[in-house]
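Raw query26.txt, compact mmCIF, C-alpha atoms and all ligand atoms:
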```txt
# COMPACT_ATOMS: atom_id res chain seq x y z
CA MET A 251 32.17 -18.53 -4.19
CA ARG A 252 32.31 -16.38 -7.29
CA GLU A 253 30.70 -13.41 -5.57
CA GLU A 254 33.36 -13.35 -2.86
CA ASN A 255 36.11 -12.90 -5.44
CA GLN A 256 34.17 -10.17 -7.22
CA SER A 257 33.90 -7.98 -4.16
CA SER A 258 36.54 -5.35 -3.62
CA THR A 259 36.88 -2.68 -0.95
CA TRP A 260 34.37 -0.43 -2.68
CA GLU A 261 31.71 -3.03 -3.22
CA PHE A 262 29.03 -4.77 -1.21
CA ILE A 263 27.29 -8.09 -1.70
CA LEU A 264 23.49 -8.17 -1.59
CA LEU A 265 22.55 -11.55 -0.11
CA GLY A 266 18.96 -11.34 -1.38
CA VAL A 267 15.58 -11.85 0.24
CA THR A 268 16.34 -15.20 1.85
CA GLY A 269 19.76 -16.04 0.45
CA GLN A 270 18.64 -19.46 -0.84
CA GLN A 271 18.88 -19.96 -4.60
CA GLY A 272 15.47 -21.59 -5.18
CA GLN A 273 13.69 -18.95 -3.13
CA GLU A 274 15.63 -16.16 -4.87
CA ASP A 275 14.27 -17.48 -8.19
CA PHE A 276 10.78 -17.27 -6.74
CA PHE A 277 11.28 -13.66 -5.60
CA PHE A 278 12.78 -12.79 -8.97
CA VAL A 279 9.62 -13.97 -10.75
CA LEU A 280 7.45 -12.25 -8.12
CA PHE A 281 9.26 -8.91 -8.57
CA LEU A 282 9.20 -9.34 -12.33
CA PHE A 283 5.39 -9.23 -12.06
CA ILE A 284 5.10 -6.69 -9.25
CA TYR A 285 7.33 -3.99 -10.77
CA PRO A 286 5.52 -3.38 -14.08
CA ILE A 287 2.13 -3.61 -12.30
CA THR A 288 3.30 -0.96 -9.81
CA VAL A 289 4.59 1.42 -12.47
CA VAL A 290 1.64 1.03 -14.87
CA GLY A 291 -0.99 1.06 -12.10
CA ASN A 292 0.34 4.22 -10.49
CA LEU A 293 0.90 5.89 -13.87
CA LEU A 294 -2.74 5.19 -14.80
CA ILE A 295 -3.88 6.80 -11.54
CA ILE A 296 -1.83 9.94 -12.30
CA LEU A 297 -3.07 10.13 -15.92
CA ALA A 298 -6.69 9.51 -14.93
CA ILE A 299 -6.57 12.27 -12.29
CA LEU A 300 -4.76 14.82 -14.46
CA SER A 301 -7.05 14.21 -17.46
CA ASP A 302 -10.37 14.44 -15.59
CA SER A 303 -11.15 17.98 -14.44
CA ARG A 304 -13.78 16.67 -11.98
CA LEU A 305 -10.90 15.14 -10.03
CA HIS A 306 -8.96 18.39 -9.80
CA ASN A 307 -9.29 18.77 -6.06
CA PRO A 308 -6.92 18.35 -3.08
CA MET A 309 -7.83 14.72 -2.34
CA TYR A 310 -6.98 13.52 -5.85
CA PHE A 311 -3.97 15.81 -6.30
CA LEU A 312 -2.49 14.29 -3.14
CA LEU A 313 -3.32 10.80 -4.37
CA ALA A 314 -1.59 11.50 -7.71
CA ASN A 315 1.45 12.76 -5.82
CA LEU A 316 1.47 9.62 -3.67
CA SER A 317 1.40 7.49 -6.83
CA LEU A 318 4.40 9.40 -8.16
CA VAL A 319 6.36 8.73 -4.95
CA ASP A 320 5.36 5.04 -5.11
CA ILE A 321 6.77 4.72 -8.64
CA PHE A 322 10.11 6.21 -7.53
CA PHE A 323 10.09 4.17 -4.32
CA SER A 324 9.89 0.80 -6.06
CA THR A 325 12.35 1.93 -8.75
CA VAL A 326 15.07 2.46 -6.13
CA THR A 327 15.38 -1.24 -5.27
CA ILE A 328 13.51 -3.60 -7.61
CA PRO A 329 15.25 -2.99 -11.00
CA LYS A 330 18.67 -3.48 -9.40
CA MET A 331 17.51 -6.73 -7.81
CA LEU A 332 16.12 -7.97 -11.15
CA ALA A 333 19.26 -6.96 -13.07
CA ASN A 334 21.60 -8.62 -10.59
CA HIS A 335 19.61 -11.85 -10.70
CA LEU A 336 19.67 -11.89 -14.51
CA LEU A 337 23.41 -11.17 -14.64
CA GLY A 338 24.13 -13.78 -11.97
CA THR A 339 25.86 -11.31 -9.66
CA LYS A 340 25.20 -9.99 -6.18
CA VAL A 341 27.54 -7.01 -6.28
CA ILE A 342 26.55 -3.39 -5.64
CA SER A 343 29.05 -0.53 -5.60
CA PHE A 344 29.57 1.49 -2.41
CA GLY A 345 28.11 4.56 -4.14
CA GLY A 346 25.15 2.56 -5.45
CA CYS A 347 24.56 1.20 -1.99
CA LEU A 348 24.49 4.66 -0.38
CA THR A 349 22.29 5.98 -3.19
CA GLN A 350 19.76 3.20 -2.57
CA MET A 351 19.81 3.92 1.15
CA TYR A 352 19.36 7.67 0.64
CA PHE A 353 16.38 7.36 -1.71
CA MET A 354 14.82 4.55 0.27
CA ILE A 355 14.75 6.71 3.44
CA ALA A 356 13.83 9.93 1.58
CA LEU A 357 10.98 8.43 -0.43
CA GLY A 358 9.73 6.29 2.47
CA ASN A 359 9.45 9.42 4.62
CA THR A 360 7.91 11.48 1.82
CA ASP A 361 5.36 8.70 1.34
CA SER A 362 4.39 8.73 5.03
CA TYR A 363 4.10 12.53 5.18
CA MET A 364 1.87 12.42 2.11
CA LEU A 365 -0.35 9.84 3.78
CA ALA A 366 -0.60 12.29 6.71
CA ALA A 367 -1.49 15.16 4.35
CA MET A 368 -4.24 12.97 2.86
CA ALA A 369 -5.62 12.18 6.32
CA TYR A 370 -5.60 15.90 7.22
CA ASP A 371 -7.45 16.65 3.99
CA ARG A 372 -10.16 14.05 4.79
CA ALA A 373 -10.47 15.31 8.37
CA MET A 374 -11.04 18.89 7.15
CA ALA A 375 -13.52 17.75 4.47
CA ILE A 376 -15.62 15.87 7.01
CA SER A 377 -15.30 17.93 10.18
CA ARG A 378 -15.18 21.46 8.67
CA PRO A 379 -17.12 21.15 5.40
CA LEU A 380 -17.98 24.88 5.29
CA HIS A 381 -14.37 26.03 5.54
CA TYR A 382 -12.90 23.16 3.57
CA THR A 383 -12.19 25.03 0.33
CA THR A 384 -10.43 27.89 2.15
CA ILE A 385 -8.38 25.54 4.37
CA MET A 386 -7.36 23.21 1.55
CA SER A 387 -6.62 25.85 -1.09
CA LEU A 388 -4.31 25.07 -3.98
CA TRP A 389 -1.53 26.81 -2.08
CA SER A 390 -1.89 24.78 1.10
CA CYS A 391 -2.02 21.68 -1.06
CA ILE A 392 1.23 22.61 -2.82
CA LEU A 393 2.75 23.49 0.55
CA LEU A 394 1.87 20.04 1.97
CA VAL A 395 3.39 18.30 -1.06
CA VAL A 396 6.60 20.38 -1.01
CA ALA A 397 6.93 19.97 2.77
CA SER A 398 6.65 16.17 2.40
CA TRP A 399 9.50 16.13 -0.11
CA VAL A 400 11.67 18.48 1.94
CA ILE A 401 11.21 16.61 5.24
CA GLY A 402 11.79 13.26 3.52
CA ASN A 403 15.09 14.38 2.01
CA ALA A 404 16.19 16.21 5.17
CA ASN A 405 15.66 12.99 7.12
CA ALA A 406 17.67 10.90 4.63
CA LEU A 407 20.74 13.12 4.36
CA PRO A 408 22.23 12.73 7.91
CA HIS A 409 21.84 8.91 7.87
CA THR A 410 23.54 8.66 4.50
CA LEU A 411 26.44 10.95 5.47
CA LEU A 412 26.92 9.10 8.77
CA THR A 413 26.94 5.74 7.01
CA ALA A 414 29.33 7.01 4.33
CA ASN A 415 31.84 7.84 7.08
CA LEU A 416 31.82 4.36 8.64
CA SER A 417 34.57 1.87 7.89
CA PHE A 418 33.70 -1.57 6.60
CA CYS A 419 36.63 -3.87 7.15
CA GLY A 420 35.08 -7.32 7.61
CA SER A 421 32.28 -9.03 5.74
CA LYS A 422 30.59 -7.01 2.98
CA GLU A 423 27.48 -9.18 2.87
CA VAL A 424 24.35 -7.05 3.24
CA ALA A 425 21.56 -9.23 4.62
CA ASN A 426 18.84 -7.97 2.27
CA PHE A 427 18.07 -7.52 -1.45
CA TYR A 428 18.87 -3.79 -1.24
CA CYS A 429 21.06 -1.58 0.94
CA ASP A 430 19.03 -0.90 4.04
CA ILE A 431 20.30 0.99 7.07
CA SER A 432 20.11 -1.77 9.71
CA PRO A 433 22.04 -4.51 7.85
CA LEU A 434 24.68 -1.93 6.81
CA LEU A 435 25.22 -0.75 10.39
CA LYS A 436 25.63 -4.36 11.48
CA LEU A 437 28.49 -4.78 8.98
CA SER A 438 30.55 -1.80 10.12
CA CYS A 439 33.61 -2.14 12.31
CA SER A 440 33.39 1.50 13.50
CA ASP A 441 31.67 2.60 16.68
CA ILE A 442 28.02 2.77 15.61
CA HIS A 443 26.43 3.96 18.87
CA PHE A 444 25.71 7.41 17.48
CA ASN A 445 24.42 5.97 14.19
CA VAL A 446 22.00 3.69 16.04
CA LYS A 447 20.73 6.61 18.15
CA MET A 448 20.21 8.63 14.97
CA MET A 449 18.38 5.68 13.40
CA TYR A 450 15.91 5.55 16.28
CA LEU A 451 15.51 9.34 16.06
CA GLY A 452 14.81 8.84 12.35
CA VAL A 453 12.14 6.25 13.14
CA GLY A 454 10.70 8.80 15.61
CA ILE A 455 10.52 11.47 12.87
CA PHE A 456 9.01 8.87 10.60
CA SER A 457 6.29 8.24 13.23
CA VAL A 458 5.15 11.90 13.45
CA PRO A 459 2.91 11.47 10.39
CA LEU A 460 1.36 8.38 11.99
CA LEU A 461 0.40 10.53 14.98
CA CYS A 462 -1.12 13.13 12.63
CA ILE A 463 -3.06 10.38 10.88
CA ILE A 464 -4.44 9.02 14.17
CA ILE A 465 -5.44 12.53 15.35
CA SER A 466 -7.12 13.21 11.97
CA TYR A 467 -9.15 10.02 12.20
CA VAL A 468 -10.18 10.65 15.81
CA HIS A 469 -11.45 13.99 14.47
CA VAL A 470 -13.31 12.31 11.60
CA PHE A 471 -14.99 9.70 13.79
CA SER A 472 -15.96 12.12 16.56
CA THR A 473 -17.56 14.38 13.93
CA VAL A 474 -19.44 11.49 12.39
CA LEU A 475 -20.63 10.23 15.78
CA GLN A 476 -21.93 13.66 16.85
CA VAL A 477 -24.83 13.35 14.42
CA PRO A 478 -24.88 9.64 13.73
CA SER A 479 -26.85 8.71 10.66
CA THR A 480 -26.27 5.69 8.46
CA GLN A 481 -25.65 8.06 5.57
CA SER A 482 -22.91 10.09 7.28
CA ILE A 483 -21.24 6.94 8.63
CA ARG A 484 -21.29 5.36 5.18
CA LYS A 485 -19.83 8.54 3.65
CA ALA A 486 -17.01 8.66 6.20
CA PHE A 487 -16.16 5.00 5.69
CA SER A 488 -16.23 5.15 1.90
CA THR A 489 -13.87 8.14 1.73
CA CYS A 490 -11.55 7.08 4.56
CA GLY A 491 -11.71 3.29 4.35
CA SER A 492 -9.24 2.96 1.47
CA HIS A 493 -6.87 5.43 3.07
CA LEU A 494 -6.99 3.58 6.41
CA THR A 495 -6.21 0.29 4.63
CA VAL A 496 -3.10 1.77 2.99
CA VAL A 497 -1.93 3.38 6.24
CA SER A 498 -2.25 0.20 8.31
CA LEU A 499 -0.46 -1.90 5.67
CA TYR A 500 2.37 0.59 5.43
CA TYR A 501 2.97 1.39 9.08
CA GLY A 502 2.29 -2.16 10.24
CA THR A 503 5.20 -3.51 8.21
CA VAL A 504 7.59 -0.61 8.83
CA MET A 505 7.06 -0.68 12.60
CA GLY A 506 7.59 -4.45 12.65
CA MET A 507 10.91 -3.87 10.94
CA TYR A 508 12.60 -0.92 12.66
CA PHE A 509 11.05 -0.57 16.13
CA ARG A 510 13.36 -3.08 17.80
CA PRO A 511 17.00 -3.63 18.71
CA LEU A 512 19.52 -3.80 15.88
CA THR A 513 21.00 -7.05 17.22
CA SER A 514 17.76 -8.91 16.56
CA TYR A 515 18.00 -8.15 12.82
CA SER A 516 18.77 -11.11 10.56
CA LEU A 517 18.37 -12.08 6.92
CA LYS A 518 14.93 -13.61 7.47
CA ASP A 519 13.62 -10.09 8.22
CA ALA A 520 14.32 -9.13 4.61
CA VAL A 521 11.05 -10.90 3.77
CA ILE A 522 9.17 -8.29 5.85
CA THR A 523 10.79 -5.50 3.83
CA VAL A 524 9.40 -7.04 0.62
CA MET A 525 5.97 -6.09 1.96
CA TYR A 526 6.54 -2.33 2.14
CA MET A 527 9.25 -2.08 -0.52
CA ALA A 528 7.30 -3.85 -3.23
CA VAL A 529 3.79 -4.90 -2.23
CA THR A 530 2.37 -1.68 -0.69
CA PRO A 531 3.35 0.60 -3.62
CA MET A 532 1.72 -1.93 -5.95
CA LEU A 533 -1.50 -2.19 -3.94
CA ASN A 534 -2.06 1.57 -3.47
CA PRO A 535 -3.61 2.20 -6.91
CA PHE A 536 -5.86 -0.84 -6.63
CA ILE A 537 -7.05 -0.04 -3.13
CA TYR A 538 -7.97 3.51 -4.17
CA SER A 539 -9.48 2.87 -7.57
CA LEU A 540 -11.42 -0.33 -6.94
CA ARG A 541 -13.36 1.22 -4.06
CA ASN A 542 -13.89 4.60 -5.61
CA ARG A 543 -16.61 5.37 -8.16
CA ASP A 544 -15.09 8.68 -9.38
CA MET A 545 -11.71 7.04 -9.92
CA LYS A 546 -13.30 4.19 -11.89
CA ALA A 547 -15.19 6.68 -14.07
CA ALA A 548 -11.98 8.64 -14.73
CA LEU A 549 -10.08 5.48 -15.67
CA LYS A 550 -12.88 4.41 -18.01
CA LYS A 551 -12.81 7.85 -19.64
CA LEU A 552 -9.02 7.62 -20.02
CA PHE A 553 -9.28 4.34 -21.93
CA HIS A 554 -12.25 5.55 -23.94
CA SER A 555 -10.51 8.71 -25.16
CA ARG A 556 -7.47 6.61 -26.05
CA SER A 557 -9.38 4.05 -28.08
CA SER A 558 -11.52 6.63 -29.92
CA SER A 559 -8.60 8.86 -30.91
C1 LIG B 601 0.79 17.18 -6.88
O1 LIG B 601 0.09 18.16 -6.15
C2 LIG B 601 0.13 19.46 -6.72
C3 LIG B 601 -0.50 20.44 -5.75
O2 LIG B 601 -1.75 20.06 -5.36
C4 LIG B 601 -0.58 19.43 -8.06
O3 LIG B 601 -0.60 20.72 -8.65
C5 LIG B 601 0.16 18.45 -8.96
O4 LIG B 601 -0.53 18.32 -10.18
C6 LIG B 601 0.26 17.08 -8.29
N1 LIG B 601 1.13 16.20 -9.08
C7 LIG B 601 0.68 15.18 -9.77
C8 LIG B 601 1.68 14.33 -10.45
O5 LIG B 601 -0.48 14.92 -9.80
```

Rendering of file as structure tokens:
Amino acid sequence: MREENQSSTWEFILLGVTGQQGQEDFFFVLFLFIYPITVVGNLLIILAILSDSRLHNPMYFLLANLSLVDIFFSTVTIPKMLANHLLGTKVISFGGCLTQMYFMIALGNTDSYMLAAMAYDRAMAISRPLHYTTIMSLWSCILLVVASWVIGNANALPHTLLTANLSFCGSKEVANFYCDISPLLKLSCSDIHFNVKMMYLGVGIFSVPLLCIIISYVHVFSTVLQVPSTQSIRKAFSTCGSHLTVVSLYYGTVMGMYFRPLTSYSLKDAVITVMYMAVTPMLNPFIYSLRNRDMKAALKKLFHSRSSS
């Protein structure tokens, strides 16, 4: 095997999504489509929101920030996978591997805290409409965004430092298309008990936003059901429906991946990670803009001003 000879002490081998050549070709083509769609789609959302002053409110500012995180999130793993496939190599340096792991955890957490901030925003808009503008002021909005970034990075740092201190003396074959924490821990020949405990703690921290999201939606639905009218129910569903879709997609796949014993992890689970690594960031802009009249109007305006200038 050529890859075996290429690997030195400071390198890892990325086995890929399934490890089978024909299927790797399929995922290469898939990612080749997904990546530009993700970047362009999310960039259009950001431009549409920033250029339309009617969308300058907390809900859309948070959405634009989520799009920004999604662009970074898919950039951490997909370009490296595409480049390696083109160059016919599977090697990643130790530093590159830790960098991928750091940003994957940091941005994944930031993403989930932003989803929680968006749910909180919707809950306040629907259950406290009279106080909404004072609760969600520009400052609280900025605070929510900054807090998401800070918590995300604070959660990534200990895992990365702990992993950097492990010794890898046997196989260097990472059972995924990027350096993820569970396949890396499985490769180490150090005592990983503490690392595994920290990983579960990390998943716990990652689940706090999910709890906030559930509480926010209980709030929304109890408000709507207090004075049930078809109009108020429709309003609640149209503003929250897209957000709920994104949240279930995201948490459904992440929970399926990390809420279980490390020993049960194998290469075939890498296919699950494709879902939240590549597919969810791509779908976010479509889910939000296709169901949202204001977003569609802003996008139309964006293209119109481009073509007339
Ligand atoms: C992110 O949110 C902040 C605060 O609401 C806002 O000022 C900023 O424009 C947003 N960023 C993007 C890229 O939209």

Show me as an MDAnalysis selection string the residues that reach within 6 Å of (24.1, -4.1, 4.8), counting only C-alpha atoms and using the file's own coordinates.
chainID A and resid 424:425 429 433:434

Closest to ligand LIG 601 (chain B) among A:Ile385, A:Val395, A:Ile284, A:Val267, using all atoms listed in the file?
A:Val395

Test item: residues at most 7 Å from A:Leu416, all atoms listed in the file, excluding those fewer than 3 positions along its chain, as number ranges by chain:
A: 412-413, 438, 440

Could you give me, as a ChimeraX atom specification, every polymer residue with an atom at most 12 Å away from an atom of ligand LIG 601 (chain B), counting all atoms listed in the file?
/A:292-303,305-321,364,367-368,371,386-399

Name the residues in contact with A:Leu540 at a cut-off of 12 Å, using all atoms listed in the file, excluding same-chain residues fewer than 3 positions from it; report them as a count of residues only.
17

How would you write as a ChimeraX atom specification the residues that get within 8 Å of (19.8, -8.6, 3.0) in the file's frame, counting only C-alpha atoms?
/A:264-269,423-430,433,517,520

Using all atoms listed in the file for the distances, tell me which of A:Asp441, A:Glu261, A:Asp275, A:Asp519 is nearest to A:Val341.
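Looking at the shortest contact to A:Val341, the residue is A:Glu261.
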
From the list A:Tyr467, A:Phe262, A:Phe553, A:Tyr450, which residue is nearest A:Thr339 when using all atoms listed in the file?
A:Phe262

Can you work out the spacing between atom CA of A:Thr288 and atom CA of A:Arg510 in Å, to one decimal?
29.5 Å

Let me know the centre plus edge lengths, in Å and rounded to one decimal, of a box with edges along x, y and z that contains all listed atoms of stretch 346-365 of chain A and is padded by 6 Å on every side, as AutoDock Vina command-line options.
```
--center_x 12.4 --center_y 6.9 --center_z -0.1 --size_x 37.5 --size_y 23.3 --size_z 22.6
```

Identify which of the residues A:Arg541, A:Trp260, A:Ser417, A:Ser377 lies closest to A:Phe471, counting all atoms listed in the file when measuring atom-to-atom distances.
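Of the candidates, the smallest distance to A:Phe471 is held by A:Ser377.
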
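Ranking A:Ile442, A:Ala369, A:Met507, A:Val521 by their shortest atom-to-atom distance to A:His493, with all atoms listed in the file included, puts A:Ala369 first.
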
Might you pull out every residue within 12 Å of A:Gly358, with all atoms listed in the file counted and same-chain residues fewer than 3 positions away left off, and present them as a VMD selection string?
chain A and resid 316 319 to 324 326 350 to 355 361 to 365 398 to 399 401 to 403 405 to 406 430 452 to 453 455 to 457 459 500 to 501 504 523 526 to 528 530 to 531

Separation of atom CA of A:His443 and atom CA of A:Leu407, in Å?
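Separation between atom CA of A:His443 and atom CA of A:Leu407: 18.1 Å.
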
Subset file as a compact mmCIF listing (two decimals), in the first residue's frame: stretch 317-346 of chain A, N, CA and C atoms:
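For reference, selection.txt as written:
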```txt
# COMPACT_ATOMS: atom_id res chain seq x y z
N SER A 317 -25.22 31.30 9.01
CA SER A 317 -24.71 31.00 7.67
C SER A 317 -23.19 31.13 7.63
N LEU A 318 -22.67 32.15 8.33
CA LEU A 318 -21.23 32.35 8.38
C LEU A 318 -20.55 31.14 9.03
N VAL A 319 -21.11 30.66 10.15
CA VAL A 319 -20.55 29.50 10.83
C VAL A 319 -20.61 28.27 9.92
N ASP A 320 -21.73 28.13 9.20
CA ASP A 320 -21.88 26.98 8.30
C ASP A 320 -20.82 26.96 7.20
N ILE A 321 -20.46 28.15 6.68
CA ILE A 321 -19.43 28.21 5.64
C ILE A 321 -18.10 27.72 6.22
N PHE A 322 -17.74 28.24 7.41
CA PHE A 322 -16.49 27.80 8.04
C PHE A 322 -16.53 26.31 8.34
N PHE A 323 -17.67 25.86 8.86
CA PHE A 323 -17.82 24.47 9.30
C PHE A 323 -17.52 23.50 8.15
N SER A 324 -18.10 23.76 6.96
CA SER A 324 -17.85 22.81 5.87
C SER A 324 -16.47 23.01 5.28
N THR A 325 -15.86 24.19 5.49
CA THR A 325 -14.52 24.43 4.95
C THR A 325 -13.44 23.69 5.76
N VAL A 326 -13.75 23.33 6.99
CA VAL A 326 -12.77 22.63 7.83
C VAL A 326 -12.45 21.24 7.27
N THR A 327 -13.45 20.56 6.71
CA THR A 327 -13.22 19.17 6.32
C THR A 327 -13.28 18.91 4.82
N ILE A 328 -14.24 19.53 4.12
CA ILE A 328 -14.49 19.11 2.73
C ILE A 328 -13.33 19.43 1.77
N PRO A 329 -12.75 20.65 1.76
CA PRO A 329 -11.67 20.91 0.81
C PRO A 329 -10.48 19.96 0.96
N LYS A 330 -10.16 19.60 2.20
CA LYS A 330 -9.05 18.66 2.43
C LYS A 330 -9.39 17.29 1.83
N MET A 331 -10.64 16.86 2.01
CA MET A 331 -11.07 15.58 1.46
C MET A 331 -10.98 15.60 -0.07
N LEU A 332 -11.45 16.70 -0.68
CA LEU A 332 -11.42 16.82 -2.14
C LEU A 332 -9.98 16.83 -2.64
N ALA A 333 -9.11 17.61 -1.98
CA ALA A 333 -7.72 17.73 -2.41
C ALA A 333 -7.01 16.39 -2.31
N ASN A 334 -7.19 15.69 -1.20
CA ASN A 334 -6.55 14.39 -1.03
C ASN A 334 -6.99 13.41 -2.12
N HIS A 335 -8.28 13.41 -2.43
CA HIS A 335 -8.78 12.49 -3.45
C HIS A 335 -8.15 12.79 -4.80
N LEU A 336 -8.06 14.09 -5.13
CA LEU A 336 -7.46 14.50 -6.41
C LEU A 336 -5.99 14.12 -6.48
N LEU A 337 -5.28 14.29 -5.37
CA LEU A 337 -3.84 14.03 -5.35
C LEU A 337 -3.54 12.55 -5.13
N GLY A 338 -4.57 11.75 -4.91
CA GLY A 338 -4.37 10.32 -4.72
C GLY A 338 -3.64 9.99 -3.43
N THR A 339 -3.86 10.78 -2.39
CA THR A 339 -3.21 10.51 -1.11
C THR A 339 -4.25 10.48 0.00
N LYS A 340 -3.89 9.89 1.12
CA LYS A 340 -4.82 9.86 2.25
C LYS A 340 -4.17 10.47 3.49
N VAL A 341 -3.02 11.11 3.29
CA VAL A 341 -2.23 11.57 4.43
C VAL A 341 -2.73 12.91 4.96
N ILE A 342 -2.71 13.06 6.28
CA ILE A 342 -2.91 14.37 6.91
C ILE A 342 -1.86 14.49 8.00
N SER A 343 -1.28 15.70 8.14
CA SER A 343 -0.24 15.87 9.16
C SER A 343 -0.87 15.85 10.54
N PHE A 344 -0.07 15.59 11.56
CA PHE A 344 -0.56 15.58 12.94
C PHE A 344 -1.17 16.93 13.29
N GLY A 345 -0.47 18.02 12.91
CA GLY A 345 -0.98 19.36 13.17
C GLY A 345 -2.28 19.63 12.43
N GLY A 346 -2.34 19.20 11.17
CA GLY A 346 -3.56 19.38 10.38
C GLY A 346 -4.72 18.63 11.00
```
